[in-house]
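As stored in work-v2.pdb (PDB, C-alpha atoms):
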ATOM      1  CA  MET T   1     -15.893 -37.731  54.864
ATOM      2  CA  VAL T   2     -16.604 -40.021  51.938
ATOM      3  CA  LEU T   3     -16.473 -38.484  48.500
ATOM      4  CA  ASN T   4     -18.219 -39.920  45.507
ATOM      5  CA  LEU T   5     -16.048 -40.540  42.452
ATOM      6  CA  ARG T   6     -17.218 -37.483  40.513
ATOM      7  CA  MET T   7     -16.523 -35.134  43.434
ATOM      8  CA  ALA T   8     -13.091 -36.698  43.948
ATOM      9  CA  LEU T   9     -12.160 -36.308  40.289
ATOM     10  CA  VAL T  10     -13.293 -32.674  40.233
ATOM     11  CA  MET T  11     -11.265 -31.978  43.354
ATOM     12  CA  VAL T  12      -8.152 -33.659  41.933
ATOM     13  CA  THR T  13      -8.510 -31.810  38.616
ATOM     14  CA  ASP T  14      -8.864 -28.460  40.395
ATOM     15  CA  LEU T  15      -5.808 -29.095  42.560
ATOM     16  CA  ILE T  16      -3.662 -30.080  39.582
ATOM     17  CA  THR T  17      -4.874 -27.148  37.476
ATOM     18  CA  ASN T  18      -4.180 -24.651  40.264
ATOM     19  CA  SER T  19      -0.766 -26.165  40.919
ATOM     20  CA  ILE T  20       0.183 -25.953  37.232
ATOM     21  CA  LYS T  21      -0.961 -22.326  37.064
ATOM     22  CA  ASN T  22       1.210 -21.576  40.099
ATOM     23  CA  LYS T  23       4.125 -23.458  38.484
ATOM     24  CA  SER T  24       4.309 -25.948  41.307
ATOM     25  CA  THR T  25       6.502 -28.889  40.343
ATOM     26  CA  ASN T  26       5.098 -31.131  43.040
ATOM     27  CA  TYR T  27       1.374 -31.057  42.240
ATOM     28  CA  PHE T  28       0.856 -34.817  42.244
ATOM     29  CA  ARG T  29       1.926 -34.877  45.886
ATOM     30  CA  LEU T  30      -1.060 -32.637  46.684
ATOM     31  CA  VAL T  31      -3.639 -35.208  45.666
ATOM     32  CA  MET T  32      -2.274 -38.499  46.837
ATOM     33  CA  PRO T  33      -3.125 -41.042  47.889
ATOM     34  CA  LEU T  34      -6.340 -41.941  46.116
ATOM     35  CA  ILE T  35      -7.593 -45.144  47.767
ATOM     36  CA  THR T  36     -10.323 -47.187  46.087
ATOM     37  CA  VAL T  37     -12.300 -49.734  48.091
ATOM     38  CA  SER T  38     -14.333 -52.332  46.178
ATOM     39  CA  MET T  39     -16.893 -54.347  48.103
ATOM     40  CA  TYR T  40     -20.279 -55.961  47.890
ATOM     41  CA  PRO T  41     -23.233 -53.563  48.156
ATOM     42  CA  GLY T  42     -25.145 -53.347  51.410
ATOM     43  CA  ARG T  43     -22.890 -51.403  53.752
ATOM     44  CA  SER T  44     -24.556 -48.409  55.380
ATOM     45  CA  GLN T  45     -23.310 -44.867  54.882
ATOM     46  CA  GLU T  46     -22.341 -44.863  58.562
ATOM     47  CA  GLN T  47     -20.128 -47.933  58.031
ATOM     48  CA  LYS T  48     -18.496 -46.355  54.979
ATOM     49  CA  ASP T  49     -17.896 -43.106  56.881
ATOM     50  CA  GLU T  50     -16.261 -44.992  59.757
ATOM     51  CA  TYR T  51     -14.130 -47.084  57.397
ATOM     52  CA  ALA T  52     -13.048 -44.009  55.400
ATOM     53  CA  LYS T  53     -11.934 -42.330  58.628
ATOM     54  CA  ALA T  54      -9.941 -45.419  59.645
ATOM     55  CA  ILE T  55      -8.309 -45.663  56.201
ATOM     56  CA  THR T  56      -7.478 -41.954  56.254
ATOM     57  CA  LYS T  57      -5.952 -42.191  59.733
ATOM     58  CA  SER T  58      -3.799 -45.155  58.670
ATOM     59  CA  ALA T  59      -2.694 -43.421  55.469
ATOM     60  CA  VAL T  60      -1.631 -40.329  57.420
ATOM     61  CA  GLU T  61       0.333 -42.395  59.953
ATOM     62  CA  ILE T  62       1.962 -44.845  57.536
ATOM     63  CA  LEU T  63       2.401 -42.763  54.371
ATOM     64  CA  LYS T  64       3.292 -39.541  56.220
ATOM     65  CA  THR T  65       0.741 -37.527  54.259
ATOM     66  CA  LYS T  66      -1.800 -34.954  55.338
ATOM     67  CA  GLU T  67      -5.391 -35.889  56.140
ATOM     68  CA  HIS T  68      -6.834 -33.506  53.546
ATOM     69  CA  HIS T  69      -4.711 -35.166  50.835
ATOM     70  CA  VAL T  70      -6.292 -38.598  51.315
ATOM     71  CA  ILE T  71      -9.187 -39.453  48.989
ATOM     72  CA  VAL T  72     -11.215 -42.615  49.634
ATOM     73  CA  VAL T  73     -13.619 -43.835  46.951
ATOM     74  CA  PHE T  74     -16.057 -46.696  47.539
ATOM     75  CA  GLU T  75     -17.184 -48.882  44.647
ATOM     76  CA  ASP T  76     -20.123 -51.134  45.422
ATOM     77  CA  ASN T  77     -19.941 -54.079  43.042
ATOM     78  CA  PRO T  78     -22.567 -56.840  43.059
ATOM     79  CA  LYS T  79     -21.388 -60.341  43.926
ATOM     80  CA  GLU T  80     -21.922 -61.551  40.346
ATOM     81  CA  ASN T  81     -19.090 -59.221  39.244
ATOM     82  CA  TRP T  82     -16.483 -60.851  41.493
ATOM     83  CA  PHE T  83     -14.211 -63.654  40.268
ATOM     84  CA  LEU T  84     -11.261 -65.510  41.743
ATOM     85  CA  ALA T  85      -9.025 -67.654  39.543
ATOM     86  CA  GLY T  86     -11.606 -67.348  36.761
ATOM     87  CA  ASN T  87     -14.462 -68.610  38.916
ATOM     88  CA  GLN T  88     -17.362 -66.520  40.128
ATOM     89  CA  LEU T  89     -17.396 -66.064  43.886
TER
END
Represent the supplied structure as structure tokens.
Amino acid sequence: MVLNLRMALVMVTDLITNSIKNKSTNYFRLVMPLITVSMYPGRSQEQKDEYAKAITKSAVEILKTKEHHVIVVFEDNPKENWFLAGNQL
């Protein structure tokens, strides 16, 4: 499931707030990792969904975290915003 940035931030804030209220000392572990993917616009929602699932699966396997702790945020940035070594791509 792909979350938009606002939903992800609300979810993270709620988790941290609840953990602090319950005096949990490990609340940052509840909300990590947050993975941001920047790419050119034009990918379909289906492609983003599939990619988010693949990223989540890899994060669970490699980082030894739980699936519901992985947040994936997509940022669609137009090509004119991308630069490499000071030159526009």
Checklist entry - How far is it from CA of Lys66 in chain T to CA of Gln45 in chain T, in Å with one decimal? => result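 Pair CA of Lys66 in chain T / CA of Gln45 in chain T returns 23.7 Å.
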Next on the checklist: As an exercise, work out the distance from CA of Asp49 in chain T to CA of Met32 in chain T in Å and give it to one decimal place.
Outcome noted: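 Computing it gives 19.1 Å between the two atoms.
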Next on the checklist: Evaluated on this file, the PyMOL selection byres ((chain T and resi 57-60) around 12) picks out some residues - which ones are they, written as JSON, numbers by chain?
Outcome noted: {"T": [1, 32, 33, 34, 35, 50, 51, 52, 53, 54, 55, 56, 61, 62, 63, 64, 65, 66, 67, 68, 69, 70, 71, 72]}
Checklist entry - What is the distance, in Å and to one decimal place, between CA of Met39 in chain T and CA of Lys79 in chain T? => result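 Rounded to one decimal, the two atoms are 8.6 Å apart.
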Next on the checklist: Please expand the PyMOL selection byres ((chain T and resi 74) around 7) into the concrete residues it hits in this file, giving the result as a list in words.
Outcome noted: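 Applied to this file, the PyMOL selection byres ((chain T and resi 74) around 7) returns Thr36, Val37, Ser38, Val72, Val73, Glu75 and Asp76 of chain T.
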Those residues you just picked out, can you put them in a file as a PDB file, keeping the file's coordinate frame with C-alpha atoms?
ATOM      1  CA  THR T  36     -10.323 -47.187  46.087  1.00  0.00           C
ATOM      2  CA  VAL T  37     -12.300 -49.734  48.091  1.00  0.00           C
ATOM      3  CA  SER T  38     -14.333 -52.332  46.178  1.00  0.00           C
ATOM      4  CA  VAL T  72     -11.215 -42.615  49.634  1.00  0.00           C
ATOM      5  CA  VAL T  73     -13.619 -43.835  46.951  1.00  0.00           C
ATOM      6  CA  GLU T  75     -17.184 -48.882  44.647  1.00  0.00           C
ATOM      7  CA  ASP T  76     -20.123 -51.134  45.422  1.00  0.00           C
TER       8      ASP T  76
END
